[in-house]
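K.L.:
The following file, entry_12.cif, comprises mmCIF, C-alpha atoms:
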data_entry
#
loop_
_atom_site.label_atom_id
_atom_site.label_comp_id
_atom_site.auth_asym_id
_atom_site.auth_seq_id
_atom_site.Cartn_x
_atom_site.Cartn_y
_atom_site.Cartn_z
CA MET Q 1 0.90 3.68 25.02
CA ALA Q 2 -0.09 1.62 21.99
CA HIS Q 3 -0.47 -2.08 22.76
CA ILE Q 4 0.29 -3.14 19.19
CA ARG Q 5 3.24 -1.91 17.14
CA ILE Q 6 3.56 -2.94 13.51
CA THR Q 7 7.27 -3.32 12.77
CA ASN Q 8 7.45 -4.44 9.14
CA VAL Q 9 5.33 -4.91 6.03
CA VAL Q 10 6.74 -6.79 3.04
CA PHE Q 11 5.02 -7.22 -0.31
CA GLU Q 12 6.24 -10.44 -1.86
CA GLN Q 13 5.94 -8.89 -5.33
CA ILE Q 14 5.92 -5.16 -5.87
CA SER Q 15 5.38 -5.58 -9.61
CA SER Q 16 2.99 -8.23 -10.92
CA PRO Q 17 0.02 -8.66 -13.25
CA PHE Q 18 -3.04 -6.72 -12.15
CA LEU Q 19 -5.11 -9.90 -11.93
CA SER Q 20 -2.60 -11.82 -9.79
CA PRO Q 21 -3.10 -12.39 -6.03
CA ILE Q 22 -1.60 -10.03 -3.46
CA HIS Q 23 0.69 -11.54 -0.81
CA ILE Q 24 1.88 -9.50 2.17
CA ALA Q 25 3.97 -10.49 5.22
CA ILE Q 26 3.22 -8.40 8.30
CA SER Q 27 5.28 -8.37 11.50
CA PHE Q 28 4.09 -6.75 14.70
CA GLU Q 29 4.86 -6.62 18.39
CA VAL Q 30 2.25 -6.94 21.11
CA MET Q 31 3.31 -4.77 24.04
CA GLU Q 32 0.63 -5.97 26.51
CA ASP Q 33 -1.44 -9.15 26.69
CA LEU Q 34 -4.57 -8.62 24.60
CA THR Q 35 -8.00 -9.70 25.80
CA GLU Q 36 -9.87 -9.24 22.50
CA ASP Q 37 -9.45 -9.96 18.79
CA ILE Q 38 -7.31 -7.88 16.45
CA ASP Q 39 -9.19 -7.00 13.26
CA TRP Q 40 -7.31 -6.66 9.98
CA LYS Q 41 -8.55 -5.25 6.70
CA LEU Q 42 -6.97 -4.89 3.25
CA ILE Q 43 -8.61 -2.25 1.05
CA TYR Q 44 -8.07 -1.34 -2.60
CA VAL Q 45 -8.79 2.31 -3.34
CA GLY Q 46 -10.38 2.10 -6.77
CA SER Q 47 -10.96 5.83 -7.20
CA SER Q 48 -9.05 8.83 -5.93
CA GLN Q 49 -12.27 10.77 -5.32
CA ASN Q 50 -15.15 8.33 -4.77
CA SER Q 51 -15.19 5.91 -1.84
CA ALA Q 52 -17.97 3.91 -3.53
CA TYR Q 53 -15.24 2.17 -5.54
CA ASP Q 54 -13.26 1.01 -2.50
CA GLN Q 55 -12.99 -2.77 -2.42
CA ILE Q 56 -12.31 -4.82 0.72
CA LEU Q 57 -9.90 -7.49 -0.49
CA ASP Q 58 -9.48 -9.21 2.86
CA ASN Q 59 -11.11 -8.85 6.28
CA PHE Q 60 -10.48 -11.14 9.23
CA SER Q 61 -10.03 -11.28 13.00
CA MET Q 62 -7.08 -12.65 14.92
CA PRO Q 63 -7.79 -14.14 18.38
CA PRO Q 64 -6.33 -12.55 21.56
CA ILE Q 65 -2.54 -12.69 21.68
CA LYS Q 66 -0.06 -12.69 24.53
CA LYS Q 67 2.79 -10.19 24.73
CA GLY Q 68 5.48 -10.92 22.16
CA ILE Q 69 6.51 -10.68 18.51
CA MET Q 70 4.22 -12.08 15.82
CA GLN Q 71 4.23 -12.47 12.05
CA PHE Q 72 1.56 -13.57 9.61
CA ARG Q 73 0.98 -13.71 5.88
CA MET Q 74 -1.97 -11.99 4.26
CA GLU Q 75 -3.17 -13.41 0.94
CA SER Q 76 -5.97 -11.88 -1.09
CA ASN Q 77 -7.48 -11.89 -4.53
CA PRO Q 78 -6.89 -8.84 -6.73
CA PRO Q 79 -9.58 -6.15 -7.01
CA ASP Q 80 -12.48 -6.93 -9.31
CA PRO Q 81 -11.94 -4.73 -12.38
CA ALA Q 82 -15.67 -4.88 -13.19
CA LEU Q 83 -16.31 -2.84 -10.02
CA LEU Q 84 -13.78 -0.12 -10.87
CA PRO Q 85 -14.38 3.00 -12.97
CA ARG Q 86 -12.91 2.26 -16.39
CA ASN Q 87 -11.15 5.62 -16.56
CA GLU Q 88 -9.30 4.99 -13.27
CA ILE Q 89 -8.04 1.43 -13.71
CA LEU Q 90 -4.84 2.73 -15.27
CA GLY Q 91 -2.65 5.20 -13.43
CA ALA Q 92 -2.48 5.95 -9.73
CA SER Q 93 -4.45 4.01 -7.13
CA ALA Q 94 -3.67 2.73 -3.66
CA ILE Q 95 -3.90 -0.19 -1.27
CA ILE Q 96 -4.46 0.21 2.48
CA ILE Q 97 -3.80 -2.04 5.45
CA SER Q 98 -6.01 -1.14 8.39
CA SER Q 99 -6.05 -2.69 11.85
CA SER Q 100 -8.53 -2.24 14.70
CA TYR Q 101 -8.86 -3.28 18.31
CA LYS Q 102 -12.13 -3.27 20.25
CA ARG Q 103 -13.80 -1.81 17.15
CA GLN Q 104 -11.41 1.14 17.06
CA GLU Q 105 -9.05 1.65 14.13
CA TYR Q 106 -5.61 2.35 15.57
CA ILE Q 107 -3.47 2.37 12.44
CA ARG Q 108 -3.79 2.81 8.70
CA ILE Q 109 -0.90 2.13 6.31
CA GLY Q 110 -1.29 3.09 2.67
CA TYR Q 111 0.79 2.30 -0.39
CA PHE Q 112 0.51 3.96 -3.77
CA ILE Q 113 0.02 1.72 -6.78
CA PHE Q 114 0.70 2.56 -10.39
CA ASN Q 115 -1.21 0.44 -12.92
CA THR Q 116 0.28 0.44 -16.39
CA TYR Q 117 0.78 -1.51 -19.56
CA MET Q 118 4.29 -2.87 -19.88
CA ASP Q 119 4.63 -3.08 -23.66
CA GLU Q 120 6.05 -0.02 -25.36
CA ALA Q 121 3.29 0.23 -27.99
CA SER Q 122 0.51 0.48 -25.39
CA ILE Q 123 2.51 2.94 -23.29
CA LEU Q 124 3.12 5.29 -26.20
CA CYS Q 125 -0.39 4.88 -27.65
CA GLU Q 126 -2.86 3.80 -24.98
CA PRO Q 127 -5.62 1.55 -26.38
CA GLN Q 128 -9.13 2.99 -26.23
CA GLN Q 129 -10.36 -0.22 -24.64
CA VAL Q 130 -8.86 -1.27 -21.30
CA PHE Q 131 -7.22 -4.70 -21.53
CA VAL Q 132 -6.95 -5.63 -17.86
CA GLU Q 133 -5.15 -8.88 -18.63
CA ASN Q 134 -2.23 -6.83 -20.03
CA ILE Q 135 -1.95 -4.42 -17.10
CA TYR Q 136 0.68 -4.66 -14.37
CA ARG Q 137 0.45 -3.13 -10.92
CA ILE Q 138 3.55 -1.57 -9.38
CA ILE Q 139 3.46 -0.97 -5.63
CA GLN Q 140 5.58 1.79 -4.14
CA ALA Q 141 6.38 -0.37 -1.13
CA ASP Q 142 9.28 1.70 0.23
CA ASN Q 143 7.29 4.86 1.01
CA PRO Q 144 4.09 4.09 2.91
CA ARG Q 145 1.71 6.74 4.18
CA ILE Q 146 1.05 6.02 7.84
CA ILE Q 147 -1.39 7.44 10.32
CA ARG Q 148 -1.90 6.23 13.88
CA PHE Q 149 -5.05 6.94 15.87
CA ASP Q 150 -5.18 7.29 19.63
CA ILE Q 151 -7.67 4.75 20.99
CA ASP Q 152 -8.81 3.46 24.36
CA TRP Q 153 -6.98 0.14 24.56
CA LYS Q 154 -8.80 -0.77 27.77
CA ARG Q 155 -12.24 0.15 26.46
CA GLU Q 156 -14.89 -1.97 28.16
CA ASP Q 157 -18.01 -1.12 26.18
CA TYR Q 158 -17.15 -1.59 22.52
CA SER Q 159 -20.59 -2.40 21.19
CA LYS Q 160 -20.41 0.82 19.18
CA LEU Q 161 -17.98 1.14 16.30
CA ILE Q 162 -15.80 4.26 16.44
CA GLN Q 163 -15.30 5.60 12.93
CA GLN Q 164 -12.18 7.61 12.15
CA VAL Q 165 -12.60 10.94 10.41
CA HIS Q 166 -10.38 10.38 7.38
CA THR Q 167 -11.79 8.63 4.32
CA ASN Q 168 -9.38 6.51 2.32
CA GLN Q 169 -9.45 9.17 -0.40
CA GLN Q 170 -8.54 11.94 2.05
CA PHE Q 171 -5.80 9.75 3.49
CA MET Q 172 -4.15 8.80 0.19
CA PHE Q 173 -5.16 11.68 -2.12
CA PRO Q 174 -5.76 14.68 0.17
CA GLY Q 175 -4.98 17.26 -2.48
CA GLN Q 176 -7.89 16.06 -4.60
CA ASN Q 177 -10.46 15.85 -1.82
CA GLY Q 178 -10.35 19.20 -0.08
CA PHE Q 179 -8.65 17.80 3.01
CA GLN Q 180 -6.52 20.38 4.80
CA GLY Q 181 -5.10 18.22 7.60
CA ASN Q 182 -1.47 17.45 8.36
CA LEU Q 183 -1.11 14.83 5.62
CA GLN Q 184 0.77 15.98 2.57
CA GLY Q 185 -0.42 15.17 -0.95
CA GLN Q 186 1.36 13.43 -3.77
CA SER Q 187 1.77 14.49 -7.37
CA PHE Q 188 0.91 12.11 -10.21
CA ASN Q 189 1.37 14.37 -13.22
CA ILE Q 190 3.07 11.90 -15.53
CA GLN Q 191 3.90 13.28 -18.97
CA GLN Q 192 4.83 11.04 -21.89
CA GLY Q 193 8.39 11.61 -22.97
CA GLN Q 194 9.62 13.35 -19.83
CA MET Q 195 13.12 12.36 -18.74
CA MET Q 196 13.59 10.80 -15.34
CA GLN Q 197 16.32 11.36 -12.78
CA GLN Q 198 15.60 8.37 -10.52
CA ILE Q 199 17.57 5.69 -12.40
CA PRO Q 200 20.50 5.16 -9.95
CA GLN Q 201 18.14 5.15 -6.95
CA MET Q 202 15.84 2.69 -8.70
CA ILE Q 203 18.65 0.26 -9.46
CA GLN Q 204 19.99 0.56 -5.90
CA ALA Q 205 16.51 -0.03 -4.44
CA GLN Q 206 15.95 -2.98 -6.73
CA GLN Q 207 19.24 -4.61 -5.69
CA PHE Q 208 18.54 -4.03 -1.98
CA ASN Q 209 14.96 -5.33 -2.12
CA GLN Q 210 16.03 -8.35 -4.15
CA GLN Q 211 18.48 -9.28 -1.39
CA MET Q 212 15.85 -8.71 1.32
CA ASN Q 213 13.16 -10.71 -0.47
CA GLN Q 214 15.53 -13.59 -1.15
CA GLN Q 215 16.50 -13.67 2.53
CA GLN Q 216 12.91 -13.57 3.78
CA PHE Q 217 10.98 -15.41 1.07
CA GLY Q 218 13.51 -16.94 -1.32
CA MET Q 219 11.89 -14.91 -4.09
CA ASN Q 220 13.21 -12.88 -6.98
CA PHE Q 221 12.47 -9.19 -6.72
CA ASN Q 222 12.29 -8.93 -10.51
CA PRO Q 223 9.22 -11.07 -11.36
CA LEU Q 224 8.85 -9.39 -14.73
CA GLY Q 225 12.25 -10.66 -15.81
CA MET Q 226 13.40 -7.19 -16.85
CA SER Q 227 16.86 -6.85 -18.27
CA PRO Q 228 19.28 -4.20 -16.94
CA GLN Q 229 18.58 -2.23 -20.13
CA GLN Q 230 14.84 -2.21 -19.36
CA ILE Q 231 15.41 -1.23 -15.74
CA ILE Q 232 17.52 1.81 -16.63
CA ASN Q 233 15.23 2.85 -19.52
CA PRO Q 234 13.83 6.25 -18.41
CA MET Q 235 10.55 5.48 -20.18
CA ASN Q 236 10.07 2.27 -18.21
CA PRO Q 237 6.76 2.58 -16.29
CA ILE Q 238 8.50 1.84 -12.99
CA ASN Q 239 10.80 4.83 -13.47
CA LEU Q 240 7.86 6.98 -14.54
CA MET Q 241 6.09 6.06 -11.34
CA MET Q 242 9.13 6.60 -9.14
CA ASN Q 243 9.65 10.09 -10.51
CA ALA Q 244 6.00 11.07 -10.20
CA MET Q 245 5.65 9.81 -6.64
CA ASN Q 246 8.87 11.50 -5.53
CA GLN Q 247 7.64 14.89 -6.75
CA GLY Q 248 5.29 15.10 -3.78
CA ASN Q 249 6.14 15.61 -0.17
CA GLN Q 250 6.06 12.09 1.25
CA GLN Q 251 5.32 12.21 4.95
CA ASN Q 252 4.93 9.54 7.57
CA VAL Q 253 2.77 11.19 10.21
CA TYR Q 254 4.47 9.38 13.09
CA GLY Q 255 8.04 9.01 11.84
CA GLN Q 256 10.24 9.09 8.80
CA PRO Q 257 8.92 7.78 5.46
CA GLY Q 258 8.86 4.01 5.43
CA ASN Q 259 10.07 3.68 9.02
CA LEU Q 260 7.46 1.29 10.39
CA GLY Q 261 9.53 0.82 13.51
CA MET Q 262 8.42 4.26 14.68
CA MET Q 263 4.76 3.24 14.96
#
Now that the file is in, can you turn its structure into structure tokens?

P.N.:
Amino acid sequence: MAHIRITNVVFEQISSPFLSPIHIAISFEVMEDLTEDIDWKLIYVGSSQNSAYDQILDNFSMPPIKKGIMQFRMESNPPDPALLPRNEILGASAIIISSSYKRQEYIRIGYFIFNTYMDEASILCEPQQVFVENIYRIIQADNPRIIRFDIDWKREDYSKLIQQVHTNQQFMFPGQNGFQGNLQGQSFNIQQGQMMQQIPQMIQAQQFNQQMNQQQFGMNFNPLGMSPQQIINPMNPINLMMNAMNQGNQQNVYGQPGNLGMM
């Protein structure tokens, strides 16, 4: 039985400027008293095919914890755009939360990100030069990809690091990396001008998440200050992203999509 069960992950802002910090609240339950540190890592997947562009945004250890329910807040700087391939800054990318115990990764939680300009002119006619200061990141926080690894929680000799077989690219973009495991791929074929069918769901999700964020953080879910007309605009980048990411088969390996309580 797993000794640590992550129960909730909340991004304080799912849409924000690309260069703004990333704030995440993580809740978890410790099922047995732990004798060693818990290691946490936040990774930005800068390329869907090349792990050389992965950036570790945060990496820290938490001292041994007694049985009970815990919560902490992870704060990190954004990825360094100078270390990203220029042709992959815009569009689909991902962010991954990984946790390890006794140098064994036991869980990996990934979220798709869509980086886009927000002004209509740049959306319809993308500038040849990438203006990072004008780009917004949109995190698909309600549909994480989750994989749990079986580890030896009572391992005594942990001088050797046990590496898991899946790269971050195989985990988040399996269809592009020749991975034929039990993780299903996502589709990101976004065409300019296509009409979207996700508008009611998007508004409902926005209203629900606004209530949840206000209860937990006293924050406004709509940091961009979008009007109702902008939210329901089918060419809004958020709606483009929602449609593209819902084309794929979204699978949580150990439960239903987004159900962290199953981990």

K.L.:
Write out as a list in words each polymer residue whose atoms come within 8 Å of stretch 59-70 of chain Q, counting all atoms listed in the file; drop sequence neighbours fewer than 4 positions from it.

P.N.:
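Selected residues are Ser27, Phe28, Glu29, Val30, Met31, Glu32, Asp33, Leu34, Thr35, Glu36, Asp37, Ile38, Asp39, Trp40, Lys41 and Leu42 of chain Q.
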
K.L.:
Could you tell me how far atom CA of Q:Tyr101 lies from atom CA of Q:Trp153, in Å and to one decimal?

P.N.:
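Interatomic distance, atom CA of Q:Tyr101 to atom CA of Q:Trp153: 7.4 Å.
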
K.L.:
Choose the residue, out of Q:Tyr106, Q:Phe72, Q:Tyr53, Q:Phe131, that has the smallest atom-to-atom separation from Q:Ala25; count only C-alpha atoms.

P.N.:
Q:Phe72

K.L.:
What do you get, as a list in words, if you spell out every residue that the PyMOL selection byres ((chain Q and resi 80-84) around 9) selects here?

P.N.:
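Evaluating the PyMOL selection byres ((chain Q and resi 80-84) around 9) on these coordinates yields Leu19, Gly46, Ser47, Tyr53, Asp54, Gln55, Asn77, Pro78, Pro79, Pro85, Arg86, Asn87, Glu88, Ile89 and Val132 of chain Q.
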
K.L.:
Residues near Q:Phe149, anyone? I mean within 10 Å using only C-alpha atoms, not counting same-chain ones fewer than 2 positions away, as a list of chain:residue names.

P.N.:
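Neighbouring residues, sequence-local ones excluded: Q:Ala2, Q:Ser100, Q:Gln104, Q:Glu105, Q:Tyr106, Q:Ile107, Q:Arg108, Q:Ile147, Q:Ile151, Q:Asp152, Q:Gln164.
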
K.L.:
In Å, with one decimal, what is the gap from atom CA of Q:Leu57 to atom CA of Q:Met74?

P.N.:
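Taking atom CA of Q:Leu57 and atom CA of Q:Met74, their separation equals 10.3 Å.
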
K.L.:
To one decimal in Å, tell me the separation between atom CA of Q:Pro21 and atom CA of Q:Glu75.

P.N.:
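Between atom CA of Q:Pro21 and atom CA of Q:Glu75 the gap works out to 7.0 Å.
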
K.L.:
Please, which residues are within 6 Å of (2.1, 3.6, -6.6) by the file's coordinates, counting all atoms listed in the file, and could they come as a compact mmCIF listing (two decimals) with C-alpha atoms, in the coordinates of the input?

P.N.:
# COMPACT_ATOMS: atom_id res chain seq x y z
CA PHE Q 112 0.51 3.96 -3.77
CA ILE Q 113 0.02 1.72 -6.78
CA PHE Q 114 0.70 2.56 -10.39
CA ILE Q 139 3.46 -0.97 -5.63
CA GLN Q 140 5.58 1.79 -4.14

K.L.:
For Q:Ala94, which residue out of Q:Ile56, Q:Ile43, Q:Val130, Q:Ile135 is the nearest one, using all atoms listed in the file?

P.N.:
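That would be Q:Ile43, the residue with the smallest distance to Q:Ala94.
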
K.L.:
Applying 9 Å and only C-alpha atoms, which residues near Q:Asn168 remain after dropping the ones on its own chain fewer than 4 positions away? List them as number ranges by chain.

P.N.:
Q: 43, 45, 48, 51, 54, 96, 110, 172-173

K.L.:
Smallest atom-to-atom distance to Q:Asn143: which of Q:Ile109, Q:Leu161, Q:Cys125, Q:Ala52, using only C-alpha atoms?

P.N.:
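Nearest candidate to Q:Asn143 out of Q:Ile109, Q:Leu161, Q:Cys125, Q:Ala52: Q:Ile109.
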
K.L.:
Quick one: of Q:Ser99, Q:Pro144, Q:Gln129, Q:Ile162, who's nearest to Q:Val10, counting only C-alpha atoms?

P.N.:
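Once distances to Q:Val10 are computed over only C-alpha atoms, the minimum belongs to Q:Pro144.
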
K.L.:
Return the single residue from Q:Ser20, Q:Ser15, Q:Gln169, Q:Thr116 that is closest to Q:Ala92, with distances computed using only C-alpha atoms.

P.N.:
Q:Thr116

K.L.:
Measuring between only C-alpha atoms, which one of Q:Met1, Q:Ile123, Q:Val9, Q:Ile22 shows the shortest distance to Q:Lys154?

P.N.:
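Of all the options, Q:Met1 lies closest to Q:Lys154.
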